[in-house]
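What follows is the content of upload14.txt (compact mmCIF, C-alpha atoms).
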# COMPACT_ATOMS: atom_id res chain seq x y z
CA MET A 1 111.32 79.75 82.48
CA GLN A 2 113.09 83.08 82.10
CA PHE A 3 116.29 84.12 83.90
CA ILE A 4 115.61 84.23 87.70
CA GLU A 5 111.87 84.42 86.98
CA LYS A 6 110.92 82.39 90.04
CA GLU A 7 112.90 84.71 92.34
CA VAL A 8 111.51 87.85 90.66
CA CYS A 9 108.00 86.55 91.38
CA GLN A 10 108.85 85.61 94.95
CA TYR A 11 110.55 88.93 95.77
CA THR A 12 107.78 90.97 94.15
CA GLN A 13 105.08 89.15 96.06
CA THR A 14 106.97 89.56 99.35
CA ILE A 15 107.57 93.30 98.81
CA TRP A 16 103.97 94.04 97.90
CA LYS A 17 102.67 92.00 100.83
CA SER A 18 105.13 93.36 103.44
CA ILE A 19 104.92 97.02 102.51
CA LEU A 20 101.39 97.34 101.12
CA ASP A 21 99.61 94.28 102.48
CA LEU A 22 98.48 93.54 98.92
CA GLU A 23 98.33 90.09 97.34
CA THR A 24 99.86 89.82 93.88
CA THR A 25 99.63 86.97 91.40
CA PRO A 26 102.03 86.40 88.51
CA LEU A 27 100.22 85.82 85.24
CA GLU A 28 101.10 83.47 82.38
CA GLU A 29 104.35 84.29 80.61
CA ASP A 30 102.60 85.59 77.50
CA ALA A 31 100.13 87.80 79.43
CA ASP A 32 100.08 91.28 77.96
CA PHE A 33 100.55 94.41 80.00
CA GLU A 34 98.19 96.88 78.40
CA GLU A 35 100.04 100.05 77.50
CA ARG A 36 97.91 103.10 78.20
CA ALA A 37 98.43 106.84 78.08
CA ASP A 38 98.77 106.88 81.86
CA ASN A 39 101.48 104.22 82.24
CA LEU A 40 104.10 104.92 84.88
CA ALA A 41 107.53 103.34 85.15
CA GLY A 42 109.83 103.27 88.15
CA CYS A 43 113.31 102.05 87.38
CA VAL A 44 116.74 101.54 88.93
CA GLN A 45 120.00 100.96 87.11
CA ILE A 46 122.41 98.22 88.10
CA THR A 47 126.09 98.70 87.34
CA GLY A 48 129.19 96.65 88.10
CA ALA A 49 129.68 92.96 87.42
CA TRP A 50 126.19 92.81 85.87
CA GLU A 51 124.78 95.84 84.13
CA GLY A 52 121.17 96.56 83.35
CA THR A 53 117.86 97.95 84.53
CA VAL A 54 115.02 96.81 86.74
CA ALA A 55 111.71 98.43 85.80
CA LEU A 56 108.34 98.40 87.49
CA GLN A 57 105.50 99.53 85.24
CA CYS A 58 101.90 100.09 86.19
CA HIS A 59 98.89 102.19 85.34
CA MET A 60 98.10 105.40 87.19
CA SER A 61 95.17 103.75 88.98
CA LEU A 62 97.43 101.18 90.68
CA ALA A 63 100.20 103.72 91.30
CA LYS A 64 97.68 105.92 93.15
CA GLN A 65 96.57 102.95 95.20
CA VAL A 66 100.19 102.11 96.10
CA ALA A 67 100.91 105.73 97.09
CA SER A 68 97.70 106.06 99.09
CA ILE A 69 98.63 102.99 101.14
CA MET A 70 102.26 104.03 101.69
CA PHE A 71 101.32 107.60 102.64
CA ASP A 72 98.14 106.56 104.45
CA VAL A 73 96.00 109.08 102.55
CA ASN A 74 92.78 108.86 100.58
CA ASN A 75 93.23 107.57 97.03
CA GLY A 76 91.57 110.71 95.64
CA THR A 77 93.91 113.12 97.40
CA VAL A 78 97.25 111.47 96.62
CA SER A 79 99.70 113.89 94.99
CA LYS A 80 102.01 113.48 92.01
CA ASP A 81 105.05 113.68 94.32
CA GLN A 82 103.65 110.94 96.54
CA ILE A 83 103.01 108.71 93.51
CA GLN A 84 106.57 109.22 92.24
CA ASP A 85 108.08 108.62 95.67
CA ALA A 86 106.06 105.47 96.27
CA LEU A 87 106.66 103.93 92.84
CA GLY A 88 110.34 104.84 93.01
CA GLU A 89 110.73 103.10 96.35
CA MET A 90 108.87 100.00 95.14
CA ALA A 91 111.24 99.88 92.15
CA ASN A 92 114.20 100.40 94.49
CA MET A 93 113.21 97.50 96.72
CA THR A 94 112.54 95.26 93.72
CA GLY A 95 115.88 96.18 92.17
CA GLY A 96 117.76 95.73 95.42
CA ASN A 97 116.36 92.27 95.97
CA ILE A 98 117.07 91.21 92.39
CA LYS A 99 120.61 92.59 92.70
CA SER A 100 121.25 90.11 95.50
CA LEU A 101 121.03 87.32 92.88
CA LEU A 102 123.51 88.88 90.48
CA PRO A 103 127.30 88.58 90.48
CA GLU A 104 129.12 90.82 92.98
CA PRO A 105 130.02 93.60 93.07
CA CYS A 106 126.99 95.42 91.71
CA TYR A 107 125.73 98.89 92.52
CA LEU A 108 122.20 100.22 92.50
CA SER A 109 121.31 103.71 91.29
CA LEU A 110 118.76 105.97 92.91
CA PRO A 111 115.31 105.30 91.42
CA ALA A 112 113.75 107.32 88.62
CA VAL A 113 110.05 107.50 87.78
CA ALA A 114 108.50 108.55 84.49
CA VAL A 115 105.14 108.70 82.75
CA THR A 116 105.52 106.51 79.68
CA GLN A 117 102.71 107.25 77.25
CA ASN A 118 104.32 105.32 74.43
CA GLY A 119 105.78 102.45 76.38
CA PHE A 120 109.02 102.13 78.29
CA ARG A 121 112.26 101.77 76.35
CA ILE A 122 115.84 101.41 77.53
CA PRO A 123 118.20 101.91 74.59
CA GLY A 124 120.84 99.17 74.56
CA GLY A 125 118.88 97.07 77.02
CA GLU A 126 118.06 93.46 76.17
CA LEU A 127 114.94 92.16 77.89
CA VAL A 128 115.87 89.04 79.88
CA THR A 129 112.91 88.66 82.24
CA GLN A 130 109.42 90.09 82.23
CA VAL A 131 106.59 89.12 84.53
CA THR A 132 103.11 90.63 84.61
CA PHE A 133 101.25 90.49 87.92
CA GLN A 134 97.64 90.94 88.86
CA CYS A 135 96.86 93.03 91.93
CA ASN A 136 93.41 94.18 93.07
CA GLY A 137 91.99 93.88 89.57
CA ASP A 138 94.82 95.86 88.02
CA HIS A 139 98.07 94.76 86.40
CA PHE A 140 101.70 95.72 86.82
CA MET A 141 104.87 94.46 85.20
CA VAL A 142 108.38 93.83 86.46
CA SER A 143 111.12 93.76 83.81
CA LEU A 144 114.81 93.01 83.96
CA LEU A 145 116.89 94.33 81.07
CA LYS A 146 120.54 93.46 80.61
CA ARG A 147 122.77 96.07 79.06
CA GLU A 148 123.99 94.83 75.71
CA GLU A 149 127.74 94.40 75.39
CA PRO A 150 129.25 97.14 73.24
CA THR A 151 130.20 95.71 69.88
CA ALA A 152 133.92 95.63 69.16
CA LYS A 153 135.05 98.05 66.47
CA MET B 1 113.13 107.59 123.59
CA LEU B 2 113.95 109.48 120.44
CA ALA B 3 114.60 107.77 117.11
CA MET B 4 115.61 109.14 113.74
CA VAL B 5 114.55 107.68 110.39
CA ILE B 6 116.91 108.51 107.54
CA ASP B 7 115.69 107.62 104.06
CA ASP B 8 115.34 109.55 100.81
CA SER B 9 111.86 108.11 100.31
CA LYS B 10 109.24 110.09 102.20
CA ALA B 11 106.93 107.07 102.06
CA ILE B 12 109.48 104.87 103.83
CA ARG B 13 110.14 107.59 106.42
CA LEU B 14 106.42 107.67 107.16
CA ILE B 15 106.06 103.87 107.34
CA LEU B 16 109.12 103.38 109.55
CA GLY B 17 108.14 106.41 111.64
CA LYS B 18 104.69 104.96 112.25
CA ILE B 19 106.15 101.61 113.28
CA LEU B 20 108.53 103.28 115.73
CA LYS B 21 105.77 105.50 117.15
CA ASP B 22 103.55 102.42 117.64
CA ILE B 23 106.41 100.81 119.54
CA GLY B 24 106.77 103.88 121.75
CA PHE B 25 109.45 106.10 120.20
CA GLU B 26 109.28 109.77 119.44
CA VAL B 27 110.48 110.14 115.86
CA VAL B 28 112.35 112.72 113.80
CA ASP B 29 113.44 112.15 110.23
CA ALA B 30 115.89 113.18 107.54
CA ALA B 31 116.09 112.65 103.78
CA ASN B 32 119.85 112.01 103.56
CA GLY B 33 123.02 111.85 105.62
CA VAL B 34 123.75 115.57 105.50
CA GLU B 35 120.27 116.43 106.74
CA ALA B 36 120.57 113.71 109.39
CA MET B 37 123.82 115.17 110.77
CA GLU B 38 122.12 118.57 111.02
CA ARG B 39 119.11 117.04 112.76
CA LEU B 40 121.38 115.19 115.19
CA LYS B 41 123.02 118.48 116.17
CA GLU B 42 119.59 120.11 116.61
CA VAL B 43 117.87 117.44 118.67
CA GLY B 44 120.81 116.22 120.72
CA LYS B 45 120.31 112.79 122.20
CA VAL B 46 118.96 110.20 119.76
CA GLU B 47 118.83 106.61 120.98
CA LEU B 48 118.28 104.94 117.63
CA ALA B 49 118.73 105.77 113.95
CA LEU B 50 117.32 103.67 111.10
CA VAL B 51 119.52 104.39 108.11
CA ASP B 52 118.99 103.71 104.40
CA TRP B 53 122.11 103.10 102.30
CA ASN B 54 121.42 104.61 98.88
CA MET B 55 120.66 108.29 99.35
CA PRO B 56 121.75 111.49 97.59
CA GLU B 57 124.18 114.00 99.16
CA MET B 58 125.53 111.65 101.83
CA ASN B 59 124.69 107.95 101.76
CA GLY B 60 123.98 105.77 104.77
CA TYR B 61 127.45 104.26 104.96
CA GLU B 62 129.04 107.70 104.95
CA PHE B 63 126.58 108.79 107.63
CA VAL B 64 127.54 105.84 109.86
CA CYS B 65 131.22 106.76 109.44
CA GLU B 66 130.53 110.41 110.31
CA VAL B 67 128.52 109.53 113.41
CA ARG B 68 131.11 107.06 114.67
CA LYS B 69 133.89 109.64 114.23
CA ASP B 70 132.15 111.89 116.78
CA GLU B 71 132.36 110.82 120.42
CA THR B 72 129.20 112.84 121.16
CA TYR B 73 127.14 110.18 119.36
CA LYS B 74 128.84 107.06 120.68
CA ASP B 75 125.63 105.81 122.33
CA VAL B 76 123.44 106.18 119.23
CA ARG B 77 122.40 102.74 118.03
CA LEU B 78 122.51 102.53 114.24
CA MET B 79 120.48 100.08 112.19
CA MET B 80 120.84 99.99 108.43
CA VAL B 81 117.43 99.43 106.76
CA THR B 82 118.23 99.08 103.11
CA THR B 83 118.02 97.16 99.85
CA GLU B 84 121.82 96.88 99.83
CA THR B 85 122.39 93.20 100.50
CA GLU B 86 125.86 92.22 99.31
CA THR B 87 127.74 90.46 102.08
CA SER B 88 130.75 92.69 101.57
CA GLN B 89 128.58 95.78 102.00
CA VAL B 90 126.91 94.42 105.13
CA ILE B 91 130.33 93.71 106.65
CA LYS B 92 131.56 97.15 105.59
CA ALA B 93 128.63 98.84 107.36
CA LEU B 94 129.02 96.78 110.52
CA GLU B 95 132.77 97.44 110.59
CA ALA B 96 132.07 101.16 110.22
CA GLY B 97 129.93 101.05 113.34
CA ALA B 98 126.40 100.03 112.38
CA ASN B 99 124.89 97.88 115.13
CA GLU B 100 122.36 95.98 113.04
CA TYR B 101 121.34 95.42 109.45
CA LEU B 102 117.86 94.83 108.04
CA MET B 103 117.00 94.26 104.42
CA LYS B 104 113.98 95.89 102.79
CA PRO B 105 111.16 94.94 102.62
CA PHE B 106 110.59 94.94 106.36
CA THR B 107 107.66 94.34 108.67
CA LYS B 108 106.91 95.76 112.10
CA GLU B 109 107.78 92.37 113.58
CA MET B 110 111.20 92.37 111.90
CA ILE B 111 111.95 95.83 113.27
CA GLN B 112 110.88 94.76 116.76
CA GLU B 113 113.02 91.64 116.56
CA LYS B 114 116.08 93.65 115.55
CA LEU B 115 115.46 96.18 118.34
CA SER B 116 115.23 93.30 120.77
CA ILE B 117 118.57 91.93 119.52
CA MET B 118 120.02 95.40 120.05
CA GLY B 119 118.74 95.37 123.62
CA ILE B 120 116.22 98.14 123.03
CA SER B 121 112.91 97.61 124.75
CA VAL B 122 110.23 100.23 124.32
CA GLY B 123 106.51 100.55 125.05
Have the structure of the file written as structure tokens, please.
Amino acid sequence: MQFIEKEVCQYTQTIWKSILDLETTPLEEDADFEERADNLAGCVQITGAWEGTVALQCHMSLAKQVASIMFDVNNGTVSKDQIQDALGEMANMTGGNIKSLLPEPCYLSLPAVAVTQNGFRIPGGELVTQVTFQCNGDHFMVSLLKREEPTAK
Amino acid sequence: MLAMVIDDSKAIRLILGKILKDIGFEVVDAANGVEAMERLKEVGKVELALVDWNMPEMNGYEFVCEVRKDETYKDVRLMMVTTETETSQVIKALEAGANEYLMKPFTKEMIQEKLSIMGISVG
């Protein structure tokens, strides 16, 4: 079991159910998240007593579905801004809930969203937890990366 | 009754706005504290404001402080709706004048329950 994996699963399932009314299922620990050219990543930085990043990655198809639900518009008409807003807020809620398990005080950044054609990398971030979920036939991944301690010179 | 939703996410403004409209409120919104102060001046009497914490320009805590400094808005009920969950932060917001605190994610039922605790009955 990874660091706070159970809570990451629980929070993610609650957020997706409460906000989107979508059921999500965590997959086996070694389940791959297929990296495609249309991957999107929403992320928030945590600073303070614990430093790192919470990232939510999904494919464009699922991101459009999330945005269409949140904005109550047809999946085919959802805009790029709506997708970025929706994924950013989902990352924000995920990060905020995870932050509640970390040592205080910690501070959450505003969310950022990017298209990640070649995968999502945080320089200096050590992956501590990663869970892939299934949702409506698509997959998304929640990752928690701890900022590596600067090496003493 | 007029309510204001203050959140930098347009999606959350829409979702919260829809919940409040279903309950019976008229709703205006703002994307940050600065915009919210301007909207308050424009629309006058607002009964309720749902306020996010982490926003650009002026965050939710700063907005609560600004509103509570002005006697004109003493009757506005303020509910923080946010991912900010640290006990110290919750206390800080309540001490600054927030009336209630709700953690995201929320449901319509949670909002209604908090409004009931605040003595607001609509619809």
Could you list, as a ChimeraX atom specification, every residue of chain B that has an atom within 9 Å of an atom of chain A, counting all atoms listed in the file?
/B:8-12,14-15,54-56,82-86,88,103-107
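Residue neighbourhood of A:Pro123, excluding near-sequence residues (fewer than 6 positions): Gly52, Thr53, Leu145, Lys146, Arg147 and Glu148 of chain A, at 12 Å, using only C-alpha atoms.
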One-decimal distance in Å that lies between atom CA of A:Asp21 and atom CA of A:Glu34
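Interatomic distance here is 24.3 Å.
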Nearest to B:Ile6: which of B:Ala30, B:Met37, B:Val43, B:Leu115 is it, counting only C-alpha atoms?
B:Ala30
Interatomic distance, atom CA of A:Ala41 to atom CA of A:Thr77 (Å, one decimal)
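Between atom CA of A:Ala41 and atom CA of A:Thr77 the gap works out to 20.8 Å.
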Excluding same-chain residues fewer than 3 positions from B:Glu109, what lies within 12 Å of it counting all atoms listed in the file, as a PyMOL selection string?
(chain A and resi 18) or (chain B and resi 16+19-20+22-23+102+105-106+112-116)
Close residues, A:Leu56 itself excluded, 8 Å, only C-alpha atoms, min 5 positions apart in chain, as a list in words:
Ala41, Gly42, Cys43, Leu87, Met90, Ala91, Phe140, Met141, Val142 and Ser143 of chain A
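Selecting by distance to (112.0, 107.9, 125.0) with a limit of 6 Å and using all atoms listed in the file, one obtains Met1, Leu2 and Phe25 of chain B.
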Could you jot down the atom CA of A:Gln2 to atom CA of A:Thr129 separation for me, Å, one decimal place?
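These atoms are spaced 5.6 Å apart.
Contact shell of B:Met80 at 10 Å (all atoms listed in the file; same-chain neighbours under 3 positions omitted): Ile6, Ala49, Leu50, Val51, Asp52, Trp53, Gly60, Tyr61, Val64, Thr83, Glu84, Val90, Ala93, Leu94, Ala98, Asn99, Glu100, Tyr101, Leu102, Met103 and Lys104 of chain B.
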Name the residues within 8 Å of (119.8, 105.1, 118.9), counting only C-alpha atoms in the file's coordinates, and put them as a PyMOL selection string.
chain B and resi 2-4+46-49+75-78
